[in-house]
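What follows is the content of start-v8.tsv (TSV, C-alpha atoms).
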```
chain	number	residue	atom	x	y	z
A	2	MET	CA	31.79	23.59	-21.70
A	3	SER	CA	29.77	24.69	-18.67
A	4	GLU	CA	30.56	23.43	-15.20
A	5	PRO	CA	28.28	20.75	-13.66
A	6	SER	CA	25.26	22.23	-11.90
A	7	GLU	CA	25.31	22.15	-8.11
A	8	TRP	CA	22.01	20.25	-8.02
A	9	LEU	CA	23.57	17.07	-9.49
A	10	ILE	CA	23.85	14.22	-6.96
A	11	TYR	CA	25.42	11.72	-9.35
A	12	ARG	CA	28.25	13.62	-11.06
A	13	GLY	CA	29.62	10.94	-13.42
A	14	ALA	CA	33.18	11.56	-12.25
A	15	GLY	CA	33.92	7.99	-11.16
A	16	GLU	CA	34.94	9.12	-7.66
A	17	PRO	CA	32.91	7.89	-4.62
A	18	HIS	CA	31.45	10.64	-2.44
A	19	GLU	CA	28.65	11.25	0.11
A	20	GLY	CA	26.43	13.27	-2.22
A	21	ILE	CA	23.46	11.00	-1.50
A	22	GLU	CA	23.15	12.76	1.87
A	23	GLN	CA	22.28	15.95	0.00
A	24	LEU	CA	19.29	14.37	-1.77
A	25	PRO	CA	16.18	16.41	-0.85
A	26	PRO	CA	12.93	14.78	0.37
A	27	PRO	CA	11.05	12.86	-2.32
A	28	PRO	CA	8.01	14.26	-4.10
A	29	PRO	CA	4.86	13.37	-2.11
A	30	TRP	CA	3.69	10.80	-4.66
A	31	ARG	CA	6.99	8.89	-4.33
A	32	ASP	CA	7.30	9.07	-0.55
A	33	PHE	CA	7.37	5.44	0.58
A	34	ALA	CA	8.07	6.45	4.19
A	35	SER	CA	4.31	7.02	4.63
A	36	ARG	CA	3.62	3.30	4.44
A	37	GLY	CA	1.65	2.00	7.40
A	38	ALA	CA	0.55	5.47	8.55
A	39	PRO	CA	-3.24	5.59	8.19
A	40	ALA	CA	-5.07	8.87	8.03
A	41	PRO	CA	-7.24	9.85	11.01
A	42	GLY	CA	-10.59	8.10	10.87
A	43	GLU	CA	-9.56	5.73	8.06
A	44	PRO	CA	-8.67	2.04	8.11
A	45	ASP	CA	-5.03	1.03	8.33
A	46	GLY	CA	-3.40	0.95	4.92
A	47	ASP	CA	-0.08	0.87	3.15
A	48	GLY	CA	-0.11	4.54	2.14
A	49	SER	CA	-0.19	3.66	-1.56
A	50	ALA	CA	-3.18	5.85	-2.43
A	51	ASP	CA	-1.58	8.93	-0.90
A	52	ARG	CA	1.81	8.12	-2.38
A	53	ARG	CA	0.42	7.57	-5.87
A	54	LEU	CA	-0.88	11.09	-6.29
A	55	GLY	CA	0.54	12.91	-3.32
A	56	GLY	CA	-2.45	12.85	-0.99
A	57	HIS	CA	-5.95	12.44	-2.40
A	58	ARG	CA	-7.57	14.04	0.63
A	59	HIS	CA	-5.95	17.40	-0.10
A	60	ILE	CA	-6.91	17.13	-3.77
A	61	ALA	CA	-10.47	16.26	-2.79
A	62	GLU	CA	-10.68	19.38	-0.63
A	63	LEU	CA	-9.52	21.60	-3.50
A	64	HIS	CA	-11.40	19.89	-6.34
A	65	ARG	CA	-14.14	22.04	-7.87
A	66	PRO	CA	-16.08	20.16	-10.58
A	67	GLY	CA	-17.65	21.91	-13.52
A	68	ALA	CA	-21.43	22.12	-13.98
A	69	GLU	CA	-21.74	19.08	-16.27
A	70	GLU	CA	-19.38	17.06	-14.10
A	71	LEU	CA	-21.42	17.92	-11.02
A	72	GLU	CA	-24.70	16.95	-12.67
A	73	MET	CA	-23.43	13.58	-13.91
A	74	ILE	CA	-21.94	12.68	-10.53
A	75	ASN	CA	-25.27	13.41	-8.86
A	76	ALA	CA	-27.14	11.50	-11.55
A	77	ALA	CA	-25.04	8.42	-10.75
A	78	LEU	CA	-25.73	8.90	-7.02
A	79	TYR	CA	-29.50	9.28	-7.54
A	80	LEU	CA	-29.84	6.40	-10.01
A	81	ARG	CA	-27.45	4.06	-8.19
A	82	ARG	CA	-25.58	3.53	-11.43
A	83	PRO	CA	-21.82	3.27	-12.09
A	84	LEU	CA	-20.16	6.43	-13.38
A	85	LEU	CA	-17.92	5.80	-16.40
A	86	VAL	CA	-15.40	8.64	-16.63
A	87	THR	CA	-13.31	8.93	-19.78
A	88	GLY	CA	-10.59	11.40	-20.68
A	89	THR	CA	-6.89	11.86	-21.25
A	90	PRO	CA	-4.31	10.92	-18.58
A	91	GLY	CA	-4.26	13.54	-15.84
A	92	ALA	CA	-7.73	14.93	-16.61
A	93	GLY	CA	-8.79	14.27	-13.00
A	94	LYS	CA	-10.80	11.08	-13.51
A	95	SER	CA	-9.80	9.27	-10.33
A	96	THR	CA	-10.03	12.49	-8.33
A	97	LEU	CA	-13.83	12.36	-8.65
A	98	ALA	CA	-14.07	9.24	-6.51
A	99	HIS	CA	-11.95	10.75	-3.75
A	100	SER	CA	-13.81	14.06	-3.89
A	101	VAL	CA	-17.19	12.34	-3.45
A	102	ALA	CA	-15.88	10.14	-0.63
A	103	HIS	CA	-14.36	13.16	1.13
A	104	GLU	CA	-17.37	15.45	0.88
A	105	LEU	CA	-19.99	12.82	1.76
A	106	GLY	CA	-17.96	11.15	4.50
A	107	LEU	CA	-17.97	7.71	2.87
A	108	GLY	CA	-14.59	6.57	4.18
A	109	ARG	CA	-11.61	5.19	2.32
A	110	VAL	CA	-11.98	4.80	-1.43
A	111	LEU	CA	-11.75	1.16	-2.42
A	112	ARG	CA	-9.41	1.08	-5.42
A	113	TRP	CA	-9.24	-1.73	-7.97
A	114	PRO	CA	-6.47	-1.07	-10.53
A	115	ILE	CA	-7.02	-2.97	-13.78
A	116	VAL	CA	-4.33	-4.64	-15.89
A	117	SER	CA	-4.55	-6.92	-18.92
A	118	ARG	CA	-4.63	-10.07	-16.75
A	119	THR	CA	-7.30	-8.85	-14.31
A	120	THR	CA	-10.37	-11.07	-13.94
A	121	LEU	CA	-13.72	-10.48	-12.23
A	122	LEU	CA	-12.71	-12.86	-9.45
A	123	ASP	CA	-9.73	-10.61	-8.59
A	124	GLY	CA	-12.14	-7.85	-7.66
A	125	LEU	CA	-14.62	-10.08	-5.82
A	126	TYR	CA	-12.56	-12.31	-3.54
A	127	HIS	CA	-9.50	-14.51	-3.18
A	128	TYR	CA	-9.66	-18.03	-1.76
A	129	ASP	CA	-6.31	-19.38	-0.59
A	130	ALA	CA	-6.93	-23.05	-1.29
A	131	ILE	CA	-3.24	-23.97	-0.98
A	132	ALA	CA	-2.92	-22.51	2.52
A	133	ARG	CA	-6.09	-24.32	3.60
A	134	LEU	CA	-4.87	-27.65	2.20
A	135	GLN	CA	-1.56	-27.27	4.00
A	136	ASP	CA	-3.30	-26.45	7.29
A	137	VAL	CA	-5.70	-29.39	6.93
A	138	GLN	CA	-2.77	-31.76	6.31
A	139	ILE	CA	-0.90	-30.42	9.34
A	140	ALA	CA	-4.03	-30.66	11.47
A	141	ALA	CA	-4.68	-34.24	10.30
A	142	HIS	CA	-1.27	-35.33	11.59
A	143	SER	CA	-1.89	-33.78	15.00
A	144	ALA	CA	-5.66	-34.31	15.31
A	145	ALA	CA	-5.32	-36.84	18.11
A	146	ALA	CA	-3.24	-34.47	20.23
A	147	ASP	CA	-5.06	-31.28	19.21
A	148	PRO	CA	-8.67	-31.77	18.04
A	149	ASP	CA	-9.28	-28.02	18.12
A	150	GLY	CA	-6.50	-27.57	15.56
A	151	ALA	CA	-8.29	-29.83	13.12
A	152	ARG	CA	-11.52	-27.89	13.48
A	153	ALA	CA	-9.71	-24.58	13.03
A	154	ALA	CA	-8.14	-25.77	9.79
A	155	ASP	CA	-11.62	-26.52	8.44
A	156	ASP	CA	-12.75	-22.89	8.95
A	157	VAL	CA	-13.06	-22.05	5.25
A	158	GLY	CA	-13.88	-18.39	5.88
A	159	SER	CA	-10.45	-17.74	7.34
A	160	TYR	CA	-8.94	-18.47	3.91
A	161	ILE	CA	-11.14	-16.00	2.05
A	162	ARG	CA	-10.46	-12.30	1.59
A	163	LEU	CA	-12.83	-10.02	-0.29
A	164	GLY	CA	-11.42	-7.79	-3.02
A	165	PRO	CA	-12.32	-4.12	-3.56
A	166	LEU	CA	-15.50	-4.90	-5.53
A	167	GLY	CA	-16.53	-7.60	-3.09
A	168	THR	CA	-16.03	-5.25	-0.15
A	169	ALA	CA	-18.02	-2.48	-1.84
A	170	LEU	CA	-20.98	-4.86	-2.12
A	171	LEU	CA	-21.10	-5.75	1.58
A	172	PRO	CA	-24.37	-4.80	3.33
A	173	SER	CA	-24.13	-1.31	4.84
A	174	ASP	CA	-26.28	1.69	5.68
A	175	ARG	CA	-24.17	4.02	3.53
A	176	PRO	CA	-22.57	3.29	0.16
A	177	ARG	CA	-18.85	2.72	-0.19
A	178	VAL	CA	-16.91	4.42	-2.99
A	179	LEU	CA	-15.23	2.05	-5.43
A	180	LEU	CA	-12.70	3.22	-8.04
A	181	ILE	CA	-12.22	0.73	-10.89
A	182	ASP	CA	-9.18	2.37	-12.42
A	183	GLU	CA	-8.26	2.16	-16.12
A	184	LEU	CA	-10.87	-0.39	-17.22
A	185	ASP	CA	-9.68	0.05	-20.80
A	186	LYS	CA	-6.50	-1.84	-19.83
A	187	SER	CA	-8.52	-5.06	-19.27
A	188	ASP	CA	-8.90	-7.97	-21.65
A	189	ILE	CA	-11.99	-8.15	-23.82
A	190	ASP	CA	-14.04	-10.21	-21.34
A	191	LEU	CA	-13.90	-8.18	-18.13
A	192	PRO	CA	-16.37	-5.39	-19.08
A	193	ASN	CA	-18.97	-8.04	-19.96
A	194	ASP	CA	-18.17	-10.07	-16.85
A	195	LEU	CA	-18.91	-7.03	-14.70
A	196	LEU	CA	-22.45	-6.61	-16.07
A	197	ASN	CA	-24.33	-9.03	-13.83
A	198	VAL	CA	-22.55	-8.07	-10.62
A	199	LEU	CA	-23.08	-4.35	-11.19
A	200	GLU	CA	-26.71	-4.92	-12.18
A	201	GLU	CA	-27.68	-7.22	-9.32
A	202	GLY	CA	-25.39	-5.86	-6.61
A	203	GLU	CA	-24.56	-9.33	-5.33
A	204	PHE	CA	-22.40	-12.38	-5.93
A	205	GLY	CA	-21.86	-15.83	-4.50
A	206	ILE	CA	-18.78	-17.44	-3.01
A	207	PRO	CA	-19.03	-21.11	-4.08
A	208	GLU	CA	-16.59	-22.26	-1.38
A	209	LEU	CA	-19.06	-20.99	1.23
A	210	GLU	CA	-22.31	-21.73	-0.62
A	211	ARG	CA	-21.47	-25.44	-0.71
A	212	ILE	CA	-21.18	-25.65	3.08
A	213	ALA	CA	-23.64	-22.94	4.12
A	214	ASP	CA	-26.06	-25.51	5.60
A	215	ARG	CA	-23.28	-26.81	7.85
A	216	LEU	CA	-22.22	-23.41	9.17
A	217	PRO	CA	-23.70	-22.05	12.43
A	218	GLY	CA	-26.60	-19.90	11.27
A	219	GLY	CA	-25.25	-20.25	7.74
A	220	GLU	CA	-22.66	-17.57	8.56
A	221	ALA	CA	-18.93	-17.38	7.92
A	222	GLN	CA	-16.35	-14.79	8.93
A	223	VAL	CA	-14.09	-13.52	6.14
A	224	LEU	CA	-11.71	-10.58	5.76
A	225	ASP	CA	-12.69	-7.55	3.71
A	226	ASP	CA	-10.39	-5.28	1.70
A	227	ASP	CA	-9.88	-3.09	4.77
A	228	GLY	CA	-8.59	-6.09	6.74
A	229	ASN	CA	-11.68	-6.31	8.96
A	230	LYS	CA	-13.62	-9.48	9.75
A	231	VAL	CA	-17.10	-9.39	8.24
A	232	THR	CA	-19.99	-11.84	8.16
A	233	VAL	CA	-21.16	-13.55	4.97
A	234	ARG	CA	-24.55	-15.29	5.20
A	235	GLY	CA	-25.50	-18.22	3.02
A	236	GLY	CA	-22.30	-17.86	1.02
A	237	ARG	CA	-23.57	-14.72	-0.76
A	238	VAL	CA	-22.58	-11.07	-0.51
A	239	GLN	CA	-25.56	-8.77	-1.15
A	240	CYS	CA	-25.38	-5.00	-0.94
A	241	THR	CA	-28.10	-2.99	0.80
A	242	ALA	CA	-26.74	0.38	-0.40
A	243	PHE	CA	-25.37	0.25	-3.94
A	244	PRO	CA	-21.79	1.60	-3.94
A	245	PHE	CA	-20.76	4.73	-5.79
A	246	VAL	CA	-18.71	3.09	-8.54
A	247	VAL	CA	-16.34	5.14	-10.70
A	248	LEU	CA	-14.91	3.37	-13.74
A	249	THR	CA	-12.13	5.29	-15.45
A	250	SER	CA	-10.83	4.95	-18.99
A	251	ASN	CA	-8.14	6.72	-20.98
A	252	GLY	CA	-10.09	6.01	-24.15
A	253	GLU	CA	-7.78	3.29	-25.44
A	254	ARG	CA	-10.75	1.09	-26.44
A	255	ASP	CA	-14.52	1.11	-26.83
A	256	PHE	CA	-16.78	-0.70	-24.38
A	257	PRO	CA	-19.71	-2.98	-25.23
A	258	ALA	CA	-23.15	-1.39	-25.47
A	259	PRO	CA	-24.58	-3.44	-22.54
A	260	LEU	CA	-22.00	-1.89	-20.21
A	261	MET	CA	-22.49	1.61	-21.60
A	262	ARG	CA	-26.26	1.52	-21.09
A	263	ARG	CA	-25.81	0.50	-17.47
A	264	CYS	CA	-23.46	3.41	-16.75
A	265	ILE	CA	-23.70	7.18	-16.54
A	266	HIS	CA	-21.04	8.41	-18.97
A	267	LEU	CA	-18.96	11.50	-18.25
A	268	GLU	CA	-16.34	12.71	-20.73
A	269	LEU	CA	-13.71	14.98	-19.19
A	270	GLY	CA	-11.99	17.42	-21.51
A	271	ARG	CA	-8.45	18.68	-21.23
A	272	PRO	CA	-7.82	20.41	-17.90
A	273	ASP	CA	-7.58	24.21	-18.09
A	274	HIS	CA	-4.99	26.41	-16.40
A	275	GLN	CA	-7.02	26.77	-13.21
A	276	ARG	CA	-7.50	23.03	-12.77
A	277	LEU	CA	-3.83	22.30	-13.42
A	278	ALA	CA	-2.80	24.99	-10.94
A	279	THR	CA	-5.13	23.45	-8.35
A	280	PHE	CA	-3.64	20.04	-9.06
A	281	VAL	CA	-0.10	21.35	-8.57
A	282	ARG	CA	-1.13	23.24	-5.43
A	283	ALA	CA	-2.67	20.11	-3.91
A	284	HIS	CA	0.51	18.10	-4.43
A	285	LEU	CA	3.30	20.65	-4.01
A	286	GLY	CA	1.84	23.69	-2.26
A	287	ASP	CA	1.02	27.29	-3.15
A	288	GLU	CA	4.59	28.41	-3.74
A	289	ALA	CA	5.23	25.64	-6.28
A	290	ALA	CA	2.01	26.52	-8.09
A	291	ARG	CA	3.12	30.15	-8.35
A	292	SER	CA	6.69	29.41	-9.40
A	293	GLY	CA	5.51	26.82	-11.92
A	294	ASP	CA	2.87	29.03	-13.54
A	295	ASP	CA	4.95	29.45	-16.69
A	296	LEU	CA	5.48	25.68	-16.95
A	297	ILE	CA	1.73	25.15	-16.59
A	298	ALA	CA	1.09	27.57	-19.46
A	299	HIS	CA	3.76	25.88	-21.58
A	300	PHE	CA	2.31	22.45	-20.77
A	301	LEU	CA	-1.18	23.59	-21.84
A	302	GLU	CA	0.14	24.99	-25.10
A	303	ARG	CA	1.96	21.76	-25.95
A	304	SER	CA	-1.01	19.62	-24.95
A	305	ARG	CA	-3.08	21.14	-27.76
A	306	SER	CA	-1.13	19.06	-30.27
A	307	GLU	CA	0.66	16.47	-28.13
A	308	LEU	CA	-0.48	13.73	-25.75
A	309	LEU	CA	0.95	14.61	-22.34
A	310	ALA	CA	0.24	13.45	-18.79
A	311	THR	CA	-0.24	15.68	-15.78
A	312	ASP	CA	2.23	13.75	-13.66
A	313	GLN	CA	4.93	14.82	-16.14
A	314	LEU	CA	4.10	18.42	-15.26
A	315	LEU	CA	4.32	17.62	-11.54
A	316	ASN	CA	7.72	15.98	-12.05
A	317	ALA	CA	9.01	19.03	-13.95
A	318	ILE	CA	7.77	21.56	-11.41
A	319	TYR	CA	9.03	19.56	-8.44
A	320	LEU	CA	12.50	19.00	-9.87
A	321	THR	CA	13.05	22.53	-11.18
A	322	ASP	CA	11.75	23.95	-7.90
A	323	ALA	CA	13.69	21.62	-5.59
A	324	ALA	CA	16.98	21.69	-7.46
A	325	ALA	CA	16.63	25.07	-9.22
A	326	PRO	CA	19.14	24.05	-11.92
A	327	ALA	CA	20.25	26.24	-14.74
A	328	GLY	CA	18.42	25.60	-17.98
A	329	ARG	CA	15.07	25.16	-16.21
A	330	ASP	CA	12.98	25.19	-19.40
A	331	ARG	CA	15.28	22.73	-21.13
A	332	LEU	CA	15.06	20.28	-18.22
A	333	ALA	CA	11.27	20.62	-18.12
A	334	ASP	CA	11.04	19.76	-21.81
A	335	LEU	CA	13.20	16.69	-21.23
A	336	LEU	CA	10.77	15.50	-18.54
A	337	ILE	CA	7.58	16.39	-20.41
A	338	GLN	CA	7.88	14.20	-23.49
A	339	ARG	CA	4.92	13.46	-25.72
A	340	LEU	CA	3.30	10.08	-25.19
A	341	ASP	CA	1.61	9.59	-28.56
A	342	ARG	CA	4.80	8.88	-30.50
A	343	PRO	CA	8.49	8.36	-29.70
A	344	ARG	CA	10.75	11.36	-29.97
```

In structure tokens, write the structure found in this file.
Amino acid sequence: MSEPSEWLIYRGAGEPHEGIEQLPPPPPWRDFASRGAPAPGEPDGDGSADRRLGGHRHIAELHRPGAEELEMINAALYLRRPLLVTGTPGAGKSTLAHSVAHELGLGRVLRWPIVSRTTLLDGLYHYDAIARLQDVQIAAHSAAADPDGARAADDVGSYIRLGPLGTALLPSDRPRVLLIDELDKSDIDLPNDLLNVLEEGEFGIPELERIADRLPGGEAQVLDDDGNKVTVRGGRVQCTAFPFVVLTSNGERDFPAPLMRRCIHLELGRPDHQRLATFVRAHLGDEAARSGDDLIAHFLERSRSELLATDQLLNAIYLTDAAAPAGRDRLADLLIQRLDRPR
């Protein structure tokens, strides 16, 4: 029986030790220490976009789209239509949005991740009715002593925050970039619910529309997805520059024809060796891309007959490079397990 490898932190020996101090830095996409550190020239954020894929800005700098990809992206820009990008996990679908935002100087990508419970309202805005009711009740008890407090509690706009889609539709001179990620995870209604908003480029906020005639100039101040105060007039948000909208799908379901005809559809094939190497380089650096070249080749060979995800490849290269354990290939195979059926 071989001796335990030196890279093991947890040794399974039942004896307490200080091995946790030897744990190397986390992979970039799992580095939670970056929370609250905004990038230069970008709004404050929680660092989640960078953590999720290890720094989209670097990927955007290295991303080189193919000819068809380039043409379809520009078609969506010219026609002011959403770009529906389909392909296997790790094909680089979400990278497109960050690449366009980076090259055209369109600021932070607004990201709306979709799950089975997501509704259209989640993307448009959130109205905190409970907080407003509580504040109104508190203000009512102290109205005699503090009339200003009662008026402040009736400021409906302060209880409204726009979601990613709502923020993307704010009036602006230049379009924002909106990533609607994994739309195929939604319930059956969301793709149809999106049709009118994406076609008209506007939506109403009933809580503000009802009182618009009582607001000074019909205007209300609300928060956008960046955390900034913005003005909503007449209770409606109406874009002046249609956002560059990227909808991604892993192909788990078909979409209704009305949505398809309103979108520019781009199908991304399996990434080749060069694109995978670029992906690894963006996340882990040149040395990791060179040392992991054999794992990239092995990953590509397996992906011809198995459903694999690119983040599995990143995990394997990072771990075998950081810990350099014996049995490197065996460990990589343990981390890169097929997703289309249980092993």

- Task: Write out as a PyMOL selection string which residues come within 10 Å of stretch 65-70 of chain A when counting all atoms listed in the file, dropping same-chain ones fewer than 5 positions away.
- Result: chain A and resi 60+75-76+86+93+97+100+267-269+276+279

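You will find atom CA of A:Gly106 at 19.2 Å from atom CA of A:Arg82.
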
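Counting only C-alpha atoms, the residue from A:Gly252, A:Gly270, A:Gly158, A:Pro83 that sits nearest to A:Leu195 is A:Pro83.
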
- Message: Which residues are near A:Leu134? Cut-off 12 Å, all atoms listed in the file, ignore same chain within fewer than 2 positions. Put them as a list in words.
- Response: Tyr128, Asp129, Ala130, Ile131, Ala132, Asp136, Val137, Gln138, Ile139, Ala140, Ala141, Ala151, Ala154, Asp155, Asp156, Val157 and Tyr160 of chain A

- Message: With distances taken over all atoms listed in the file, which residue among A:Ala92, A:Leu209, A:Arg339, A:Asp312 lies nearest A:Asp273?
- Response: A:Ala92
